[in-house]
Structure formats: structure tokens, C-alpha cells
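Here is the structure we will look at.
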Amino acid sequence: MSQRVAVAVRNASVSGRYSRIPEVPRWFYSFVPFKIATGGSSALVSLYILELGGSASTVGIAFALASLASMLGALFWGRLSDRTLRRKPFILLGFASVPLFLPLMALSRTPLQLIAVNTLYSFFLASTLPVPIALVLRSVRKHRWDHGIGKFNEISGWGWAFGLLIGFGLSRYLSVPELFATFALLGLPALPLAHRTIREAPVYINRRAIRAFGNYVVEKTRYFPSFVLHTNLSLPPSLRELYISLVLLWVAIGLYFPQMPVLIRDSGYGADVVYLALIVNSVVSALNYTRVGQGMRDKRATLTKGLLIRMGAFSVALLAVLADGALPLVMASYVLTGYSWAFISLSSTGIVGEKAGEREKGSAMGTYNVLSSAGYVAGSALGGSLVSEVGFGPTLGLAVLLVGGSLAVIKRMS
């Protein structure tokens with residue numbers, strides 16, 4: 001065999017080997033039933049709290065505690081995964097929390113019981129937040145990390161949206177406890193799928209070396225960043241204005257999202273309308289994500305645009321309150337929040353990646369996530385109290401002012 005032929009055979013062999021590497025790892029799809037269950041059940045907590053006699057303040061406290069538990073859980077499980085060099089058990093733990101905790105929520109008979117179960121659920125569910133990123137980095141080649149993480153979030157995002165669609169269809173026929181039980185069953189296939197398709201490959205992932213991936217597909221019901229890389233807080237001067245702006249923004253987000261289902265129910269609409277609003281928000285966000293990512297040139301201008309749209313969304317919600325909960329205005333507000341999310345998330349994480357030094361990217365992204373999460377927790381708790389004391393109008397008015405403050409800080413950013 002000539003040298004040229006031998007080289008051609010070897011190249012063909014290598015090419016064939018690489019061609020057998022799946023473009024999308026099969027384990028990505030184990031997250032589909034999991035996301036269907038978590039997405040579909042995401043609207044039920046606030047609805048059930050209201051059914052059990054809770055108020056807007058109770059809903060705010062529930063979301064604040066769940067978000068705090070999720071943030072702490074992501075930190076705890078991520079560090080434990082790095083220490084043990086294991087990934088698969090933590091994903092299976094998160095998947096198992098769905099059929100375990102959702103039926104317990106269905107059995108809750110007081111708002112306090114539901115809040116306690118939901119807080120524990122959020123903590124254990126958080127084991128699925130930081131760990132999959134490490135698995136993605138092992139499942140795709142290094143030069144395709146961006147694509148791999150983006151594809152993983154895309155598949156997960158559409159699973160979430162499909163869960164909301166199922167909830168919308170079933171909410172007319174099933175009670176809230178029955179919906180909890182239904183989504184617990186729909187989440188069960190995730191466990192055998194993950195067990196069969198995830199290949200455990202113990203490896204240490206240096207999270208400081210991971211770039212700030214901003215490939216979120218939908219702004220999920222928890223409405224705060226979906227993984228936390230570090231606990232240590234650092235405030236580089238070049239990012240101080242951005243951090244201040246984001247804290248203001250996430251407090252405003254906390255004022256808005258947990259209370260909107262309460263507004264919808266207080267306006268006389270049912271669970272199906274709550275689901276419809278969340279579906280509209282998720283689908284618009286998902287459809288806009290790729291377009292914004294491909295067309296983004298000036299990140300600060302993109303962030304400014306996103307904040308302007310978000311301020312408009314909250315202003316439309318304020319008009320809905322003044323119009324006695326007019327449904328078209330409520331839906332328009334959800335459309336605008338979904339549309340603005342891609343501008344905000346991609347540009348803000350991109351700015352962090354640009355302005356942080358090479359050795360600071362991990363800690364800078366960790367600070368970004370922790371401060372954003374803290375802002376959302378504070379906004380959720382404050383929003384519930386404000387709605388109970390002074391009503392939806394002043395609460396949403398404050399949200400508009402906070403986004404305006406966030407925008408003013410970005411304008412001053414060097």
C-alpha cells in the first residue's frame with residue numbers, strides 16, 4: 001500500500017470516527033421530560049397558594065424562599081460535584097426530586113406547608129443547574145462548547161415551553177393538585193433515560209476557565225440566572241456600574257413576575273390564562289434568542305435596547321392595572337418581557353466576559369449571578385408586601401422606576 005493510500009485510509013478512518021460522534025449528545029434529550037414536568041408545574045405554586053387562602057404577600061415570600069434555596073443549592077451541589085468528580089448522580093437526584101416533591105405539593109393543605117415543600121424542592125432541583133454544564137463540556141469538542149451549551153439550553157427551553165402548553169390544555173379539566181400529580185408522572189421517564197444515556201466521565205472542571213455562557217433560551221419562572229459559578233464576590237471597577245444596574249433590574253423583575261399570576265387571578269381569569277401568558281413569554285423569548293445573538297455588535301447598545309423594552313413591558317402592565325386587568329394589555333406585557341430577555345441576557349453576560357480580566361472571568365460571572373439572584377429574592381419579598389399593602393399599581397410603578405434607574409446607570413457606564 002502506497003504512502004498516499006495509507007494516509008487516505010487513515011484520514012477516512014478518523015473522519016468516520018468523528019462522524020459517529022453525535023452532533024447532539026443523546027443525554028441532552030433526557031432533560032426533555034424533566035423540563036416538561038418542571039415547566040408545566042412552574043405556574044402551579046402561586047395558583048395553589050391563592051387557592052389555599054394565601055395572599056400576594058404569601059406568593060412573594062414563596063418565590064423569594066424558593067429562589068434563595070435554588071441559589072444556595074446550585075452552589076452546594078456544584079461544589080460537591082467538583083469535589084467528588086461525579087456528575088451523573090447529581091442529575092439523577094434532581095430528576096428524582098420531581099416525582100418526589102410534586103405529589104407532596106399536591107397533598108399540601110395550607111400555604112405554609114406548600115411553601116416548605118417548594119423550598120426543599122427548589123434546593124434539590126438545583127442539583128441539575130450547574131452540573132450539566134460540566135457534562136456538556138465533556139460531551140462536545142472544545143471548539144464547539146458555545147454551540148453545545150446553546151443546543152442544550154435550546155432543547156431544555158422548548159421542553160419547558162411544551163410543559164406549559166400541556167398545563168394550558170389540562171388546566172380546564174384538572175384541579176391544581178391533579179396537575180401536580182400529572183406532571184410528576186410526566187417527569188418520571190427522565191430518570192431511566194438519563195441513567196441509560198449519561199456516561200460518567202470523572203474530570204475536574206476548572207470553572208474559572210469557563211467563559212460566561214449566556215445561552216439562556218427562556219426566562220424561566222424562577223427568573224434568575226440558571227447557574228452560579230462562584231461564591232466569592234468581586235467588584236472590578238470596570239463592572240461596578242453593570243452590577244449596580246443589574247441589581248436594580250432584578251429587584252424590578254422580582255416585583256413583576258411573582259405577582260402577575262396574582263393580578264391575572266384577581267382580574268377574574270383562571271389558570272388557563274396564567275399558562276397562556278407564560279407560554280407567550282417563553283415562546284417569544286426562544287424565537288428571539290438566535291436572532292439577537294447573531295446580530296449583536298454593540299453590547300451596551302443591545303443592553304440599553306433590552307432595558308427600554310423591559311421598561312415598556314412593565315409600563316404596559318401598569319396600564320393593565322389601571323384598566324382593571326385588561327387581558328390584551330397583560331398579554332402584551334408578557335410578549336414584551338419575553339422579547340426583551342434575549343437583549344438583556346446575551347449583552348450583559350457578554351459585557352462581563354469582555355470587561356473582566358482573563359483570570360477574573362469566573363469570579364466576575366459568579367458575582368453577576370449572585371447579585372442578580374439576591375436582587376430577585378429581595379424584589380419577590382418586597383413585591384408581595386407592597387401588593388398586599390398598597391396594591392398592584394404602586395408596585396408596578398416602582399418596577400418601572402427601578403428599570404429606569406438601571407437604564408440610567410448603563411448610560412453612564414464607561
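Ordering of the C-alpha cells sets the chain letters (A, B, ...), residue numbers begin anew at 1 in every chain, and ligands are numbered from 1 in the order given.
Neighbours of region 246-260 of chain A closer than or equal to 6 Å, with only C-alpha atoms counted and sequence neighbours fewer than 3 positions away skipped, come out as Tyr243, Leu263, Ser372, Gly375, Tyr376, Gly379, Ser380, Gly383, Ala399, Leu402, Val403 and Ser406 of chain A.
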Nearby residues (only C-alpha atoms) at most 9 Å from Ile91 (chain A), same-chain spacing under 5 positions excluded, as a ChimeraX atom specification: /A:96,125,127-129,131-132,191,194
Using only C-alpha atoms, find the one residue out of A:Val352, A:Leu65, A:Val390, A:Ala342 that sits nearest to Thr302 (chain A). A:Ala342
Hey, what's within 10 Å of Ile198 (chain A) if we count only C-alpha atoms and toss same-chain stuff fewer than 4 positions away? As a VMD selection string, please? chain A and resid 25 to 28 30 87 to 89 91 to 92 135 139 193 to 194
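When CA of Met311 (chain A) is paired with CA of Asn369 (chain A), their separation reads 21.3 Å.
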Could you work out how far CA of Gly159 (chain A) lies from CA of Lys35 (chain A), giving the answer in Å with one decimal? 5.2 Å
Going by DSSP on the backbone, which bits of region 229-338 of chain A are alpha helix (DSSP H)? Write them as an mmCIF file with N, CA, C and O atoms, in the first residue's frame, please.
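Dumped everything to out_27.cif:
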data_model
loop_
_atom_site.group_PDB
_atom_site.id
_atom_site.type_symbol
_atom_site.label_atom_id
_atom_site.label_comp_id
_atom_site.auth_asym_id
_atom_site.auth_seq_id
_atom_site.Cartn_x
_atom_site.Cartn_y
_atom_site.Cartn_z
ATOM 1 N N ARG A 240 -18.510 47.705 37.889
ATOM 2 C CA ARG A 240 -19.317 48.169 39.017
ATOM 3 C C ARG A 240 -20.662 48.726 38.561
ATOM 4 O O ARG A 240 -21.707 48.420 39.134
ATOM 5 N N GLU A 241 -20.642 49.549 37.522
ATOM 6 C CA GLU A 241 -21.904 50.113 37.035
ATOM 7 C C GLU A 241 -22.849 49.031 36.525
ATOM 8 O O GLU A 241 -24.059 49.085 36.743
ATOM 9 N N LEU A 242 -22.285 48.037 35.826
ATOM 10 C CA LEU A 242 -23.121 46.950 35.307
ATOM 11 C C LEU A 242 -23.778 46.193 36.452
ATOM 12 O O LEU A 242 -24.979 45.892 36.414
ATOM 13 N N TYR A 243 -23.009 45.889 37.487
ATOM 14 C CA TYR A 243 -23.564 45.171 38.626
ATOM 15 C C TYR A 243 -24.677 45.963 39.313
ATOM 16 O O TYR A 243 -25.718 45.421 39.676
ATOM 17 N N ILE A 244 -24.454 47.243 39.513
ATOM 18 C CA ILE A 244 -25.479 48.084 40.140
ATOM 19 C C ILE A 244 -26.741 48.089 39.285
ATOM 20 O O ILE A 244 -27.865 47.956 39.787
ATOM 21 N N SER A 245 -26.554 48.229 37.976
ATOM 22 C CA SER A 245 -27.682 48.234 37.056
ATOM 23 C C SER A 245 -28.459 46.925 37.130
ATOM 24 O O SER A 245 -29.699 46.918 37.161
ATOM 25 N N LEU A 246 -27.752 45.809 37.196
ATOM 26 C CA LEU A 246 -28.417 44.509 37.206
ATOM 27 C C LEU A 246 -29.157 44.251 38.517
ATOM 28 O O LEU A 246 -30.217 43.616 38.519
ATOM 29 N N VAL A 247 -28.607 44.723 39.634
ATOM 30 C CA VAL A 247 -29.326 44.575 40.898
ATOM 31 C C VAL A 247 -30.662 45.307 40.826
ATOM 32 O O VAL A 247 -31.713 44.769 41.207
ATOM 33 N N LEU A 248 -30.640 46.541 40.319
ATOM 34 C CA LEU A 248 -31.882 47.300 40.174
ATOM 35 C C LEU A 248 -32.859 46.569 39.259
ATOM 36 O O LEU A 248 -34.070 46.486 39.541
ATOM 37 N N LEU A 249 -32.345 46.044 38.152
ATOM 38 C CA LEU A 249 -33.203 45.329 37.205
ATOM 39 C C LEU A 249 -33.840 44.109 37.845
ATOM 40 O O LEU A 249 -35.050 43.877 37.701
ATOM 41 N N TRP A 250 -33.037 43.304 38.566
ATOM 42 C CA TRP A 250 -33.582 42.056 39.117
ATOM 43 C C TRP A 250 -34.518 42.295 40.290
ATOM 44 O O TRP A 250 -35.429 41.492 40.531
ATOM 45 N N VAL A 251 -34.332 43.381 41.026
ATOM 46 C CA VAL A 251 -35.339 43.733 42.030
ATOM 47 C C VAL A 251 -36.667 44.025 41.321
ATOM 48 O O VAL A 251 -37.732 43.577 41.751
ATOM 49 N N ALA A 252 -36.593 44.762 40.201
ATOM 50 C CA ALA A 252 -37.803 45.063 39.430
ATOM 51 C C ALA A 252 -38.444 43.796 38.887
ATOM 52 O O ALA A 252 -39.673 43.638 38.907
ATOM 53 N N ILE A 253 -37.622 42.863 38.405
ATOM 54 C CA ILE A 253 -38.141 41.591 37.898
ATOM 55 C C ILE A 253 -38.852 40.829 39.015
ATOM 56 O O ILE A 253 -39.909 40.215 38.806
ATOM 57 N N GLY A 254 -38.273 40.873 40.228
ATOM 58 C CA GLY A 254 -38.902 40.235 41.368
ATOM 59 C C GLY A 254 -40.224 40.880 41.763
ATOM 60 O O GLY A 254 -41.134 40.210 42.256
ATOM 61 N N LEU A 255 -40.346 42.178 41.536
ATOM 62 C CA LEU A 255 -41.612 42.856 41.784
ATOM 63 C C LEU A 255 -42.683 42.436 40.782
ATOM 64 O O LEU A 255 -43.876 42.421 41.101
ATOM 65 N N TYR A 256 -42.266 42.096 39.587
ATOM 66 C CA TYR A 256 -43.202 41.859 38.482
ATOM 67 C C TYR A 256 -43.668 40.402 38.376
ATOM 68 O O TYR A 256 -44.864 40.106 38.476
ATOM 69 N N MET A 260 -47.643 38.780 38.838
ATOM 70 C CA MET A 260 -48.511 38.835 37.661
ATOM 71 C C MET A 260 -49.584 37.734 37.656
ATOM 72 O O MET A 260 -50.737 37.995 37.310
ATOM 73 N N PRO A 261 -49.258 36.477 38.048
ATOM 74 C CA PRO A 261 -50.345 35.494 38.155
ATOM 75 C C PRO A 261 -51.406 35.906 39.175
ATOM 76 O O PRO A 261 -52.595 35.616 38.988
ATOM 77 N N VAL A 262 -50.973 36.584 40.249
ATOM 78 C CA VAL A 262 -51.927 37.066 41.241
ATOM 79 C C VAL A 262 -52.845 38.115 40.615
ATOM 80 O O VAL A 262 -54.070 38.102 40.821
ATOM 81 N N LEU A 263 -52.264 39.006 39.829
ATOM 82 C CA LEU A 263 -53.056 40.022 39.134
ATOM 83 C C LEU A 263 -54.062 39.379 38.182
ATOM 84 O O LEU A 263 -55.233 39.779 38.116
ATOM 85 N N ILE A 264 -53.606 38.361 37.450
ATOM 86 C CA ILE A 264 -54.490 37.682 36.499
ATOM 87 C C ILE A 264 -55.664 37.031 37.226
ATOM 88 O O ILE A 264 -56.828 37.153 36.810
ATOM 89 N N ARG A 265 -55.367 36.353 38.344
ATOM 90 C CA ARG A 265 -56.447 35.709 39.099
ATOM 91 C C ARG A 265 -57.383 36.732 39.742
ATOM 92 O O ARG A 265 -58.596 36.562 39.737
ATOM 93 N N ASP A 266 -56.804 37.822 40.258
ATOM 94 C CA ASP A 266 -57.635 38.867 40.863
ATOM 95 C C ASP A 266 -58.515 39.560 39.831
ATOM 96 O O ASP A 266 -59.543 40.155 40.181
ATOM 97 N N ALA A 271 -56.648 29.534 35.648
ATOM 98 C CA ALA A 271 -55.291 29.015 35.497
ATOM 99 C C ALA A 271 -54.877 28.927 34.033
ATOM 100 O O ALA A 271 -53.699 29.078 33.701
ATOM 101 N N ASP A 272 -55.849 28.694 33.130
ATOM 102 C CA ASP A 272 -55.502 28.585 31.714
ATOM 103 C C ASP A 272 -54.927 29.890 31.175
ATOM 104 O O ASP A 272 -54.026 29.875 30.331
ATOM 105 N N VAL A 273 -55.409 31.018 31.668
ATOM 106 C CA VAL A 273 -54.880 32.311 31.219
ATOM 107 C C VAL A 273 -53.468 32.536 31.764
ATOM 108 O O VAL A 273 -52.602 33.080 31.073
ATOM 109 N N VAL A 274 -53.221 32.089 33.000
ATOM 110 C CA VAL A 274 -51.870 32.176 33.553
ATOM 111 C C VAL A 274 -50.910 31.368 32.692
ATOM 112 O O VAL A 274 -49.820 31.839 32.330
ATOM 113 N N TYR A 275 -51.310 30.146 32.332
ATOM 114 C CA TYR A 275 -50.475 29.312 31.466
ATOM 115 C C TYR A 275 -50.264 29.978 30.112
ATOM 116 O O TYR A 275 -49.154 29.976 29.566
ATOM 117 N N LEU A 276 -51.315 30.535 29.542
ATOM 118 C CA LEU A 276 -51.209 31.162 28.232
ATOM 119 C C LEU A 276 -50.216 32.318 28.260
ATOM 120 O O LEU A 276 -49.401 32.462 27.327
ATOM 121 N N ALA A 277 -50.252 33.112 29.313
ATOM 122 C CA ALA A 277 -49.321 34.232 29.424
ATOM 123 C C ALA A 277 -47.881 33.739 29.501
ATOM 124 O O ALA A 277 -46.980 34.297 28.852
ATOM 125 N N LEU A 278 -47.634 32.674 30.267
ATOM 126 C CA LEU A 278 -46.282 32.129 30.382
ATOM 127 C C LEU A 278 -45.813 31.502 29.072
ATOM 128 O O LEU A 278 -44.636 31.591 28.714
ATOM 129 N N ILE A 279 -46.728 30.856 28.355
ATOM 130 C CA ILE A 279 -46.378 30.290 27.047
ATOM 131 C C ILE A 279 -45.957 31.389 26.086
ATOM 132 O O ILE A 279 -44.931 31.278 25.391
ATOM 133 N N VAL A 280 -46.742 32.453 26.023
ATOM 134 C CA VAL A 280 -46.421 33.578 25.145
ATOM 135 C C VAL A 280 -45.040 34.129 25.481
ATOM 136 O O VAL A 280 -44.202 34.355 24.598
ATOM 137 N N ASN A 281 -44.773 34.316 26.771
ATOM 138 C CA ASN A 281 -43.482 34.844 27.201
ATOM 139 C C ASN A 281 -42.333 33.934 26.778
ATOM 140 O O ASN A 281 -41.320 34.396 26.236
ATOM 141 N N SER A 282 -42.482 32.630 27.018
ATOM 142 C CA SER A 282 -41.406 31.678 26.728
ATOM 143 C C SER A 282 -41.146 31.540 25.236
ATOM 144 O O SER A 282 -39.996 31.522 24.792
ATOM 145 N N VAL A 283 -42.210 31.444 24.449
ATOM 146 C CA VAL A 283 -42.047 31.241 23.011
ATOM 147 C C VAL A 283 -41.423 32.472 22.352
ATOM 148 O O VAL A 283 -40.499 32.361 21.530
ATOM 149 N N VAL A 284 -41.896 33.656 22.715
ATOM 150 C CA VAL A 284 -41.320 34.883 22.145
ATOM 151 C C VAL A 284 -39.839 34.986 22.497
ATOM 152 O O VAL A 284 -38.998 35.334 21.656
ATOM 153 N N SER A 285 -39.497 34.650 23.734
ATOM 154 C CA SER A 285 -38.108 34.694 24.162
ATOM 155 C C SER A 285 -37.256 33.721 23.359
ATOM 156 O O SER A 285 -36.180 34.062 22.873
ATOM 157 N N ALA A 286 -37.739 32.482 23.203
ATOM 158 C CA ALA A 286 -36.981 31.465 22.473
ATOM 159 C C ALA A 286 -36.788 31.850 21.013
ATOM 160 O O ALA A 286 -35.698 31.689 20.449
ATOM 161 N N LEU A 287 -37.829 32.368 20.387
ATOM 162 C CA LEU A 287 -37.739 32.732 18.973
ATOM 163 C C LEU A 287 -36.799 33.906 18.741
ATOM 164 O O LEU A 287 -36.190 34.023 17.674
ATOM 165 N N ASN A 288 -36.656 34.766 19.727
ATOM 166 C CA ASN A 288 -35.836 35.967 19.553
ATOM 167 C C ASN A 288 -34.372 35.726 19.875
ATOM 168 O O ASN A 288 -33.514 36.534 19.528
ATOM 169 N N TYR A 289 -34.061 34.608 20.526
ATOM 170 C CA TYR A 289 -32.729 34.409 21.073
ATOM 171 C C TYR A 289 -31.648 34.315 19.996
ATOM 172 O O TYR A 289 -30.634 35.013 20.046
ATOM 173 N N THR A 290 -31.866 33.439 19.027
ATOM 174 C CA THR A 290 -30.853 33.245 17.990
ATOM 175 C C THR A 290 -30.655 34.515 17.168
ATOM 176 O O THR A 290 -29.525 34.879 16.839
ATOM 177 N N ARG A 291 -31.737 35.193 16.856
ATOM 178 C CA ARG A 291 -31.634 36.416 16.051
ATOM 179 C C ARG A 291 -30.801 37.483 16.741
ATOM 180 O O ARG A 291 -29.935 38.109 16.135
ATOM 181 N N VAL A 292 -31.025 37.674 18.034
ATOM 182 C CA VAL A 292 -30.270 38.686 18.770
ATOM 183 C C VAL A 292 -28.807 38.276 18.873
ATOM 184 O O VAL A 292 -27.901 39.096 18.692
ATOM 185 N N GLY A 293 -28.558 36.994 19.167
ATOM 186 C CA GLY A 293 -27.182 36.532 19.300
ATOM 187 C C GLY A 293 -26.385 36.693 18.018
ATOM 188 O O GLY A 293 -25.207 37.074 18.050
ATOM 189 N N GLN A 294 -27.021 36.449 16.885
ATOM 190 C CA GLN A 294 -26.310 36.563 15.604
ATOM 191 C C GLN A 294 -26.095 38.014 15.188
ATOM 192 O O GLN A 294 -25.126 38.337 14.521
ATOM 193 N N GLY A 295 -27.013 38.900 15.590
ATOM 194 C CA GLY A 295 -26.931 40.279 15.119
ATOM 195 C C GLY A 295 -26.299 41.251 16.099
ATOM 196 O O GLY A 295 -26.181 42.437 15.791
ATOM 197 N N LYS A 299 -22.604 45.674 22.471
ATOM 198 C CA LYS A 299 -23.290 45.027 23.599
ATOM 199 C C LYS A 299 -23.994 46.034 24.501
ATOM 200 O O LYS A 299 -25.080 45.771 25.002
ATOM 201 N N ARG A 300 -23.392 47.192 24.724
ATOM 202 C CA ARG A 300 -24.054 48.167 25.585
ATOM 203 C C ARG A 300 -25.314 48.712 24.921
ATOM 204 O O ARG A 300 -26.339 48.915 25.576
ATOM 205 N N ALA A 301 -25.265 48.928 23.623
ATOM 206 C CA ALA A 301 -26.455 49.380 22.907
ATOM 207 C C ALA A 301 -27.550 48.314 22.944
ATOM 208 O O ALA A 301 -28.738 48.625 23.077
ATOM 209 N N THR A 302 -27.144 47.045 22.835
ATOM 210 C CA THR A 302 -28.110 45.949 22.902
ATOM 211 C C THR A 302 -28.754 45.888 24.284
ATOM 212 O O THR A 302 -29.971 45.711 24.407
ATOM 213 N N LEU A 303 -27.938 46.048 25.335
ATOM 214 C CA LEU A 303 -28.478 46.038 26.698
ATOM 215 C C LEU A 303 -29.417 47.224 26.914
ATOM 216 O O LEU A 303 -30.485 47.084 27.531
ATOM 217 N N THR A 304 -29.035 48.381 26.405
ATOM 218 C CA THR A 304 -29.892 49.566 26.513
ATOM 219 C C THR A 304 -31.247 49.317 25.855
ATOM 220 O O THR A 304 -32.301 49.658 26.411
ATOM 221 N N LYS A 305 -31.218 48.702 24.680
ATOM 222 C CA LYS A 305 -32.458 48.390 23.974
ATOM 223 C C LYS A 305 -33.314 47.431 24.794
ATOM 224 O O LYS A 305 -34.537 47.621 24.930
ATOM 225 N N GLY A 306 -32.685 46.406 25.365
ATOM 226 C CA GLY A 306 -33.425 45.445 26.168
ATOM 227 C C GLY A 306 -34.069 46.084 27.389
ATOM 228 O O GLY A 306 -35.212 45.781 27.730
ATOM 229 N N LEU A 307 -33.341 46.998 28.049
ATOM 230 C CA LEU A 307 -33.882 47.671 29.229
ATOM 231 C C LEU A 307 -35.038 48.599 28.851
ATOM 232 O O LEU A 307 -36.020 48.700 29.598
ATOM 233 N N LEU A 308 -34.918 49.265 27.722
ATOM 234 C CA LEU A 308 -36.007 50.129 27.264
ATOM 235 C C LEU A 308 -37.276 49.313 26.993
ATOM 236 O O LEU A 308 -38.385 49.716 27.371
ATOM 237 N N ILE A 309 -37.097 48.147 26.346
ATOM 238 C CA ILE A 309 -38.253 47.297 26.060
ATOM 239 C C ILE A 309 -38.840 46.753 27.360
ATOM 240 O O ILE A 309 -40.062 46.703 27.535
ATOM 241 N N ARG A 310 -37.950 46.373 28.292
ATOM 242 C CA ARG A 310 -38.435 45.850 29.567
ATOM 243 C C ARG A 310 -39.181 46.924 30.364
ATOM 244 O O ARG A 310 -40.197 46.650 30.997
ATOM 245 N N MET A 311 -38.703 48.156 30.308
ATOM 246 C CA MET A 311 -39.411 49.241 30.985
ATOM 247 C C MET A 311 -40.770 49.469 30.337
ATOM 248 O O MET A 311 -41.771 49.708 31.019
ATOM 249 N N GLY A 312 -40.817 49.330 29.008
ATOM 250 C CA GLY A 312 -42.093 49.429 28.310
ATOM 251 C C GLY A 312 -43.040 48.304 28.709
ATOM 252 O O GLY A 312 -44.249 48.517 28.881
ATOM 253 N N ALA A 313 -42.492 47.087 28.889
ATOM 254 C CA ALA A 313 -43.312 45.942 29.288
ATOM 255 C C ALA A 313 -43.950 46.176 30.652
ATOM 256 O O ALA A 313 -45.142 45.917 30.860
ATOM 257 N N PHE A 314 -43.162 46.667 31.592
ATOM 258 C CA PHE A 314 -43.691 46.918 32.929
ATOM 259 C C PHE A 314 -44.683 48.082 32.914
ATOM 260 O O PHE A 314 -45.650 48.099 33.677
ATOM 261 N N SER A 315 -44.449 49.052 32.032
ATOM 262 C CA SER A 315 -45.395 50.169 31.907
ATOM 263 C C SER A 315 -46.735 49.696 31.356
ATOM 264 O O SER A 315 -47.800 50.160 31.793
ATOM 265 N N VAL A 316 -46.690 48.763 30.405
ATOM 266 C CA VAL A 316 -47.934 48.195 29.861
ATOM 267 C C VAL A 316 -48.685 47.430 30.954
ATOM 268 O O VAL A 316 -49.916 47.482 31.037
ATOM 269 N N ALA A 317 -47.933 46.714 31.815
ATOM 270 C CA ALA A 317 -48.570 46.018 32.932
ATOM 271 C C ALA A 317 -49.248 47.014 33.875
ATOM 272 O O ALA A 317 -50.342 46.755 34.393
ATOM 273 N N LEU A 318 -48.607 48.157 34.083
ATOM 274 C CA LEU A 318 -49.197 49.211 34.921
ATOM 275 C C LEU A 318 -50.490 49.728 34.285
ATOM 276 O O LEU A 318 -51.493 49.947 34.976
ATOM 277 N N LEU A 319 -50.489 49.893 32.968
ATOM 278 C CA LEU A 319 -51.707 50.303 32.264
ATOM 279 C C LEU A 319 -52.801 49.247 32.410
ATOM 280 O O LEU A 319 -53.989 49.580 32.521
ATOM 281 N N ALA A 320 -52.396 47.964 32.423
ATOM 282 C CA ALA A 320 -53.376 46.891 32.600
ATOM 283 C C ALA A 320 -54.065 46.998 33.957
ATOM 284 O O ALA A 320 -55.272 46.760 34.072
ATOM 285 N N VAL A 321 -53.287 47.373 34.971
ATOM 286 C CA VAL A 321 -53.874 47.553 36.303
ATOM 287 C C VAL A 321 -54.877 48.702 36.279
ATOM 288 O O VAL A 321 -55.988 48.595 36.809
ATOM 289 N N LEU A 322 -54.494 49.801 35.650
ATOM 290 C CA LEU A 322 -55.382 50.960 35.572
ATOM 291 C C LEU A 322 -56.628 50.662 34.757
ATOM 292 O O LEU A 322 -57.671 51.294 34.944
ATOM 293 N N LEU A 327 -57.074 42.001 29.723
ATOM 294 C CA LEU A 327 -56.268 40.866 29.291
ATOM 295 C C LEU A 327 -55.340 41.183 28.115
ATOM 296 O O LEU A 327 -54.184 40.740 28.117
ATOM 297 N N PRO A 328 -55.792 41.944 27.079
ATOM 298 C CA PRO A 328 -54.859 42.254 25.984
ATOM 299 C C PRO A 328 -53.601 42.979 26.463
ATOM 300 O O PRO A 328 -52.501 42.723 25.958
ATOM 301 N N LEU A 329 -53.749 43.871 27.433
ATOM 302 C CA LEU A 329 -52.581 44.580 27.953
ATOM 303 C C LEU A 329 -51.678 43.649 28.761
ATOM 304 O O LEU A 329 -50.449 43.753 28.700
ATOM 305 N N VAL A 330 -52.276 42.742 29.521
ATOM 306 C CA VAL A 330 -51.483 41.764 30.268
ATOM 307 C C VAL A 330 -50.657 40.908 29.310
ATOM 308 O O VAL A 330 -49.457 40.690 29.513
ATOM 309 N N MET A 331 -51.295 40.430 28.244
ATOM 310 C CA MET A 331 -50.588 39.601 27.262
ATOM 311 C C MET A 331 -49.503 40.395 26.545
ATOM 312 O O MET A 331 -48.402 39.884 26.298
ATOM 313 N N ALA A 332 -49.796 41.654 26.221
ATOM 314 C CA ALA A 332 -48.794 42.493 25.572
ATOM 315 C C ALA A 332 -47.581 42.680 26.469
ATOM 316 O O ALA A 332 -46.427 42.688 26.009
ATOM 317 N N SER A 333 -47.820 42.809 27.768
ATOM 318 C CA SER A 333 -46.723 42.947 28.714
ATOM 319 C C SER A 333 -45.851 41.699 28.725
ATOM 320 O O SER A 333 -44.615 41.781 28.713
ATOM 321 N N TYR A 334 -46.478 40.527 28.724
ATOM 322 C CA TYR A 334 -45.714 39.276 28.699
ATOM 323 C C TYR A 334 -44.943 39.109 27.395
ATOM 324 O O TYR A 334 -43.824 38.580 27.383
ATOM 325 N N VAL A 335 -45.533 39.529 26.288
ATOM 326 C CA VAL A 335 -44.831 39.475 24.999
ATOM 327 C C VAL A 335 -43.562 40.325 25.056
ATOM 328 O O VAL A 335 -42.478 39.902 24.642
ATOM 329 N N LEU A 336 -43.686 41.535 25.580
ATOM 330 C CA LEU A 336 -42.543 42.443 25.632
ATOM 331 C C LEU A 336 -41.466 41.957 26.593
ATOM 332 O O LEU A 336 -40.268 42.119 26.329
ATOM 333 N N THR A 337 -41.864 41.367 27.714
ATOM 334 C CA THR A 337 -40.844 40.840 28.620
ATOM 335 C C THR A 337 -40.077 39.701 27.963
ATOM 336 O O THR A 337 -38.859 39.587 28.101
ATOM 337 N N GLY A 338 -40.794 38.826 27.254
ATOM 338 C CA GLY A 338 -40.124 37.743 26.540
ATOM 339 C C GLY A 338 -39.205 38.259 25.451
ATOM 340 O O GLY A 338 -38.080 37.778 25.275
#
Which of these, A:Pro103, A:Pro177, A:Gly325, A:Gly157, has the shortest distance to Glu51 (chain A) once you count only C-alpha atoms? A:Pro177
Which residue of A:Ile115, A:Ala74, A:Leu239, A:Val136 approaches Asn153 (chain A) most closely, using only C-alpha atoms: A:Val136
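Each of A:Pro130, A:Pro192, A:Gly353, A:Gly148 was checked against Pro33 (chain A) using only C-alpha atoms; the smallest atom-to-atom distance is that of A:Pro192.
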So which residues touch Ala37 (chain A) within 9 Å, counting only C-alpha atoms, skipping near sequence neighbours fewer than 4 positions away, as a PyMOL selection string? chain A and resi 32-33+41-42+98+159-160+163-164+180+182-188
